[in-house]
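Asks: The structure file protein-v4.cif (mmCIF, C-alpha atoms) is provided below.
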data_target
#
loop_
_atom_site.label_atom_id
_atom_site.label_comp_id
_atom_site.auth_asym_id
_atom_site.auth_seq_id
_atom_site.Cartn_x
_atom_site.Cartn_y
_atom_site.Cartn_z
CA MET A 19 7.74 8.41 -12.11
CA LYS A 20 8.54 6.49 -8.95
CA ILE A 21 5.70 5.41 -6.65
CA ALA A 22 6.44 3.82 -3.28
CA THR A 23 4.06 2.23 -0.79
CA TRP A 24 4.89 1.10 2.74
CA ASN A 25 2.89 -0.09 5.72
CA VAL A 26 5.06 1.42 8.45
CA ASN A 27 3.17 -0.16 11.39
CA GLY A 28 3.48 3.00 13.45
CA ILE A 29 5.02 6.12 11.92
CA ARG A 30 6.48 7.42 15.19
CA ALA A 31 8.53 4.23 15.61
CA ARG A 32 9.65 4.38 11.98
CA GLN A 33 10.29 8.11 11.44
CA THR A 34 14.10 7.82 11.23
CA GLU A 35 13.77 4.93 8.79
CA LEU A 36 11.26 6.91 6.74
CA GLN A 37 13.63 9.85 6.51
CA ALA A 38 16.42 7.55 5.28
CA PHE A 39 14.07 5.91 2.79
CA ILE A 40 12.95 9.24 1.31
CA GLU A 41 16.50 10.56 1.07
CA ARG A 42 17.64 7.40 -0.73
CA GLU A 43 14.66 6.74 -3.02
CA LEU A 44 13.22 10.23 -3.64
CA PRO A 45 9.81 8.80 -4.61
CA ASP A 46 7.58 11.07 -6.67
CA VAL A 47 4.55 9.74 -4.79
CA LEU A 48 4.83 8.05 -1.39
CA CYS A 49 1.91 6.14 0.13
CA LEU A 50 2.06 5.10 3.78
CA GLN A 51 -0.32 2.91 5.75
CA GLU A 52 -0.98 2.06 9.39
CA ILE A 53 0.55 5.31 10.57
CA LYS A 54 -1.21 5.00 13.97
CA ALA A 55 -0.97 8.71 14.72
CA SER A 56 -2.91 11.93 14.40
CA LEU A 57 -1.30 15.06 12.99
CA ASP A 58 -0.71 16.58 16.44
CA GLN A 59 1.36 13.53 17.42
CA LEU A 60 3.88 13.98 14.60
CA PRO A 61 7.16 15.90 14.82
CA VAL A 62 7.27 19.13 12.83
CA TRP A 63 9.55 17.80 10.07
CA LEU A 64 7.14 14.93 9.36
CA CYS A 65 4.08 17.17 9.17
CA ASP A 66 5.64 18.97 6.22
CA ILE A 67 8.45 16.87 4.71
CA GLU A 68 10.87 19.06 2.79
CA GLY A 69 10.24 18.95 -0.95
CA TYR A 70 6.83 17.26 -0.63
CA TRP A 71 3.16 18.09 -0.40
CA CYS A 72 1.98 16.05 2.58
CA TYR A 73 -1.41 14.80 3.62
CA TRP A 74 -1.71 12.86 6.89
CA HIS A 75 -4.99 11.09 7.64
CA GLY A 76 -4.82 9.22 10.91
CA GLY A 77 -6.03 8.81 14.46
CA LYS A 78 -4.28 7.98 17.68
CA GLY A 79 -2.86 4.48 17.87
CA TYR A 80 -4.82 2.79 15.08
CA SER A 81 -5.03 2.53 11.28
CA GLY A 82 -4.31 5.69 9.28
CA VAL A 83 -2.88 6.48 5.84
CA SER A 84 -0.91 9.29 4.25
CA LEU A 85 0.13 10.56 0.83
CA HIS A 86 3.18 12.60 -0.14
CA VAL A 87 3.79 14.14 -3.57
CA ARG A 88 7.14 15.51 -4.64
CA LYS A 89 6.91 19.15 -5.58
CA ASP A 90 9.06 18.48 -8.66
CA ILE A 91 6.12 16.69 -10.32
CA SER A 92 3.42 18.99 -8.90
CA PRO A 93 4.55 22.59 -8.39
CA GLU A 94 1.11 23.50 -6.99
CA ARG A 95 -0.47 21.60 -4.11
CA PRO A 96 -2.53 18.78 -5.70
CA PRO A 97 -6.06 17.93 -4.55
CA PHE A 98 -6.18 15.30 -1.79
CA GLU A 99 -9.57 13.66 -1.30
CA HIS A 100 -11.38 10.82 0.46
CA PRO A 101 -13.89 8.54 -1.28
CA GLU A 102 -17.24 8.35 0.51
CA PHE A 103 -16.52 4.82 1.75
CA ASP A 104 -13.50 5.92 3.80
CA TYR A 105 -13.74 4.96 7.45
CA GLU A 106 -11.17 4.56 10.25
CA HIS A 107 -8.74 6.67 8.15
CA ARG A 108 -8.23 3.94 5.53
CA ILE A 109 -8.01 5.70 2.15
CA VAL A 110 -6.83 8.97 0.68
CA THR A 111 -6.40 9.88 -2.99
CA VAL A 112 -4.45 12.50 -4.86
CA ARG A 113 -4.67 13.70 -8.45
CA VAL A 114 -1.33 14.30 -10.15
CA PRO A 115 -0.85 14.84 -13.90
CA GLN A 116 0.03 11.18 -14.50
CA ALA A 117 -2.83 9.52 -12.57
CA THR A 118 -5.06 9.46 -9.53
CA VAL A 119 -3.11 7.65 -6.80
CA ALA A 120 -4.70 6.12 -3.71
CA SER A 121 -3.05 5.07 -0.45
CA ILE A 122 -5.15 2.26 1.01
CA TYR A 123 -5.23 0.21 4.20
CA VAL A 124 -7.89 -2.49 3.90
CA PRO A 125 -9.24 -3.83 7.21
CA ASN A 126 -7.63 -7.06 8.34
CA GLY A 127 -11.05 -8.64 8.83
CA GLY A 128 -10.22 -10.61 11.95
CA LYS A 129 -12.57 -8.60 14.18
CA ASP A 130 -15.17 -7.60 11.58
CA PHE A 131 -14.97 -9.62 8.38
CA PRO A 132 -18.19 -8.17 6.86
CA ALA A 133 -16.69 -4.66 7.19
CA LYS A 134 -13.63 -5.81 5.27
CA MET A 135 -15.81 -7.19 2.49
CA ARG A 136 -17.87 -4.00 2.34
CA PHE A 137 -14.69 -1.96 2.02
CA LEU A 138 -13.39 -4.17 -0.81
CA GLU A 139 -16.74 -4.00 -2.59
CA ALA A 140 -16.66 -0.20 -2.35
CA LEU A 141 -13.10 -0.22 -3.68
CA ASP A 142 -14.33 -2.35 -6.57
CA ALA A 143 -16.98 0.26 -7.40
CA PHE A 144 -14.38 3.02 -7.05
CA ALA A 145 -12.08 1.30 -9.57
CA ALA A 146 -15.02 0.70 -11.91
CA GLY A 147 -15.88 4.39 -11.82
CA HIS A 148 -12.38 5.39 -12.88
CA GLN A 149 -12.43 2.83 -15.67
CA THR A 150 -15.72 4.24 -16.94
CA ALA A 151 -14.36 7.78 -16.78
CA GLY A 152 -11.21 6.72 -18.61
CA THR A 153 -8.90 8.15 -15.96
CA ARG A 154 -5.61 6.55 -14.98
CA LEU A 155 -5.65 5.02 -11.52
CA VAL A 156 -2.98 3.60 -9.22
CA LEU A 157 -4.14 1.75 -6.10
CA CYS A 158 -1.32 1.37 -3.59
CA GLY A 159 -1.13 -0.14 -0.18
CA ASP A 160 -1.87 -2.99 2.18
CA LEU A 161 -4.92 -4.76 0.76
CA ASN A 162 -4.72 -7.47 3.43
CA VAL A 163 -5.43 -10.23 0.89
CA ALA A 164 -2.89 -12.62 -0.63
CA ARG A 165 -4.05 -12.73 -4.22
CA THR A 166 -3.19 -16.40 -4.99
CA GLU A 167 -1.65 -19.43 -3.34
CA MET A 168 1.70 -18.36 -4.83
CA ASP A 169 1.44 -15.19 -2.75
CA VAL A 170 1.69 -17.15 0.51
CA HIS A 171 4.70 -19.19 1.60
CA PRO A 172 3.81 -22.91 1.65
CA LYS A 173 4.33 -23.02 5.42
CA GLU A 174 1.74 -20.24 5.85
CA ARG A 175 -1.00 -21.54 3.56
CA LYS A 176 -4.25 -22.16 5.43
CA PRO A 177 -7.43 -22.69 3.38
CA ARG A 178 -9.73 -20.89 5.83
CA ALA A 179 -7.35 -18.17 7.02
CA ILE A 180 -8.62 -14.62 6.64
CA GLY A 181 -6.55 -13.03 3.91
CA GLN A 182 -6.58 -16.24 1.88
CA LEU A 183 -10.32 -16.83 1.55
CA PRO A 184 -11.81 -17.42 -1.92
CA GLU A 185 -14.38 -14.65 -1.47
CA GLU A 186 -11.64 -12.12 -0.65
CA ARG A 187 -9.53 -13.20 -3.58
CA ALA A 188 -12.53 -12.98 -5.89
CA LEU A 189 -13.01 -9.33 -4.91
CA ILE A 190 -9.35 -8.55 -5.54
CA GLU A 191 -9.72 -10.07 -9.01
CA ARG A 192 -12.84 -7.98 -9.64
CA ILE A 193 -10.95 -4.84 -8.67
CA ILE A 194 -8.03 -5.71 -10.93
CA GLY A 195 -10.52 -6.54 -13.68
CA HIS A 196 -11.38 -2.85 -14.05
CA GLY A 197 -8.47 -2.27 -16.40
CA LEU A 198 -5.77 -2.59 -13.74
CA VAL A 199 -2.52 -4.55 -13.66
CA ASP A 200 -0.84 -6.09 -10.60
CA VAL A 201 2.46 -4.38 -11.38
CA HIS A 202 4.70 -6.39 -9.07
CA ARG A 203 3.40 -9.74 -10.28
CA ALA A 204 3.62 -8.58 -13.89
CA VAL A 205 7.32 -7.83 -13.35
CA GLU A 206 8.00 -11.11 -11.54
CA PRO A 207 5.33 -13.57 -12.76
CA ASP A 208 7.16 -16.72 -11.68
CA ASN A 209 8.67 -15.58 -8.40
CA ALA A 210 7.23 -17.86 -5.70
CA ASP A 211 9.24 -16.04 -3.02
CA LEU A 212 7.66 -12.63 -3.57
CA PHE A 213 6.25 -11.51 -0.21
CA THR A 214 5.72 -8.15 1.49
CA TRP A 215 4.59 -9.07 5.03
CA TRP A 216 6.14 -11.43 7.55
CA ALA A 217 4.81 -12.40 10.97
CA PRO A 218 6.98 -10.72 13.63
CA TRP A 219 8.30 -13.91 15.22
CA ARG A 220 10.61 -16.89 14.58
CA ASN A 221 12.76 -14.78 12.22
CA MET A 222 10.07 -15.06 9.54
CA LYS A 223 11.25 -11.91 7.79
CA GLN A 224 14.88 -13.01 7.69
CA ARG A 225 13.79 -16.44 6.40
CA ASN A 226 11.36 -14.85 3.90
CA ILE A 227 8.37 -16.89 5.10
CA GLY A 228 5.60 -14.43 4.39
CA TRP A 229 2.54 -13.25 2.50
CA ARG A 230 2.20 -10.75 -0.36
CA LEU A 231 -0.32 -8.22 0.94
CA ASP A 232 1.03 -4.91 -0.39
CA TYR A 233 0.27 -3.96 -3.98
CA VAL A 234 0.66 -1.41 -6.73
CA LEU A 235 -2.32 -1.83 -9.07
CA ALA A 236 -2.07 0.48 -12.07
CA THR A 237 -4.22 1.22 -15.10
CA ALA A 238 -2.92 -0.87 -18.00
CA SER A 239 -1.83 2.13 -20.08
CA LEU A 240 0.46 3.17 -17.22
CA ALA A 241 1.47 -0.38 -16.26
CA THR A 242 2.84 -1.01 -19.75
CA ARG A 243 5.38 1.70 -18.98
CA THR A 244 6.69 -0.08 -15.87
CA THR A 245 10.47 -0.17 -15.70
CA GLY A 246 10.75 -1.95 -12.35
CA CYS A 247 9.02 -2.99 -9.15
CA VAL A 248 10.76 -4.31 -6.05
CA VAL A 249 10.04 -5.09 -2.41
CA GLN A 250 12.74 -4.05 0.04
CA ARG A 251 12.47 -6.92 2.52
CA GLU A 252 15.66 -6.13 4.37
CA PHE A 253 14.86 -2.44 4.93
CA GLY A 254 13.36 -1.19 8.14
CA THR A 255 11.81 -2.70 11.23
CA SER A 256 8.16 -2.77 10.15
CA ASP A 257 6.61 -6.19 9.57
CA HIS A 258 5.99 -5.00 5.98
CA GLY A 259 8.59 -4.15 3.35
CA PRO A 260 8.34 -1.04 1.15
CA VAL A 261 7.29 -1.70 -2.46
CA VAL A 262 8.75 0.66 -5.06
CA ALA A 263 7.47 0.83 -8.65
CA THR A 264 8.93 2.95 -11.43
CA PHE A 265 7.23 4.03 -14.66
CA ASN A 266 8.62 5.68 -17.79
CA VAL A 267 6.11 8.54 -18.17
#
Here is a file; write its structure as structure tokens.
Replies:
Amino acid sequence: MKIATWNVNGIRARQTELQAFIERELPDVLCLQEIKASLDQLPVWLCDIEGYWCYWHGGKGYSGVSLHVRKDISPERPPFEHPEFDYEHRIVTVRVPQATVASIYVPNGGKDFPAKMRFLEALDAFAAGHQTAGTRLVLCGDLNVARTEMDVHPKERKPRAIGQLPEERALIERIIGHGLVDVHRAVEPDNADLFTWWAPWRNMKQRNIGWRLDYVLATASLATRTTGCVVQREFGTSDHGPVVATFNV
């Protein structure tokens, strides 16, 4: 099973790139964030991507997430749902035979930091509930927190910067503590150049001076079956790179 997550930073600006990405990667589950569009703003082919069950959850010009499931792994349309704590079109889940997968766009926190913390606390409770129920869970998306100092380029480390605060990192650890594994870091534990977001100036992306904000967090029983996880820094014009994880299930 191949799961991909990508903050596209505006789906209408990235639709040609998305089409190329899908044709090349053929992900079984595709999670998109920051789509910045409502369904009526999307071209017809995007509303119903060939070979996929699609669920778009966005508003005009801000936030928004989507989930796409390849019909090869789910012949019938799977159930797409929103946890009760969803707001501003920030989370959608889908149940496929292998796991419940969530596409998540955590608030940045710059304008309303308490709202970001409330969202992360609710995500913590959501993960705890799945652990208690014994169901496999995969949390994908832009969590807007760099988990450790290693996840920020030395030139970008700022002790009081939102996204690097101890209280944010503590919540990420709590979430992971509910039987989840940070798949990308598990695959590359010593890679100090592993980033997924780069500020859109001074050639930061080309120079790989960035932050790791995009994650695939998977239940341990699924994570042990990981066969690879990569970030495609050089693909696309978004300020985030797609992250693609593969599992032998």
Asks: Write out as a VMD selection string which residues come within 9 Å of Glu43 (chain A) when counting all atoms listed in the file, dropping same-chain ones fewer than 4 positions away.
Replies: chain A and resid 20 22 38 to 39 262
Asks: Let me make sure I understand: among A:Leu240, A:Val267, A:Val47, A:Leu138, which one has the smallest atom-to-atom distance to Cys158 (chain A) if we use all atoms listed in the file?
Replies: A:Val47
Asks: For Thr245 (chain A), work out the shell of residues within 10 Å, counting all atoms listed in the file and skipping chain neighbours fewer than 4 positions away, then give it as a PyMOL selection string.
Replies: chain A and resi 19-20+205+241+263-266
Asks: Which residues match the PyMOL selection byres ((chain A and resi 180-185) around 8) in the file above, as JSON, numbers by chain?
Replies: {"A": [126, 127, 128, 162, 163, 164, 165, 166, 167, 175, 176, 177, 178, 179, 186, 187, 188, 189]}
Asks: Carefully work through the PyMOL selection byres ((chain A and resi 252) around 12) for this structure and note down the residues it includes, as a PyMOL selection string.
Replies: chain A and resi 213-216+222-226+248-251+253-261
Asks: So what do you get for CA of Leu212 (chain A) versus CA of Met168 (chain A), distance-wise?
Replies: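 CA of Leu212 (chain A) sits 8.4 Å away from CA of Met168 (chain A).
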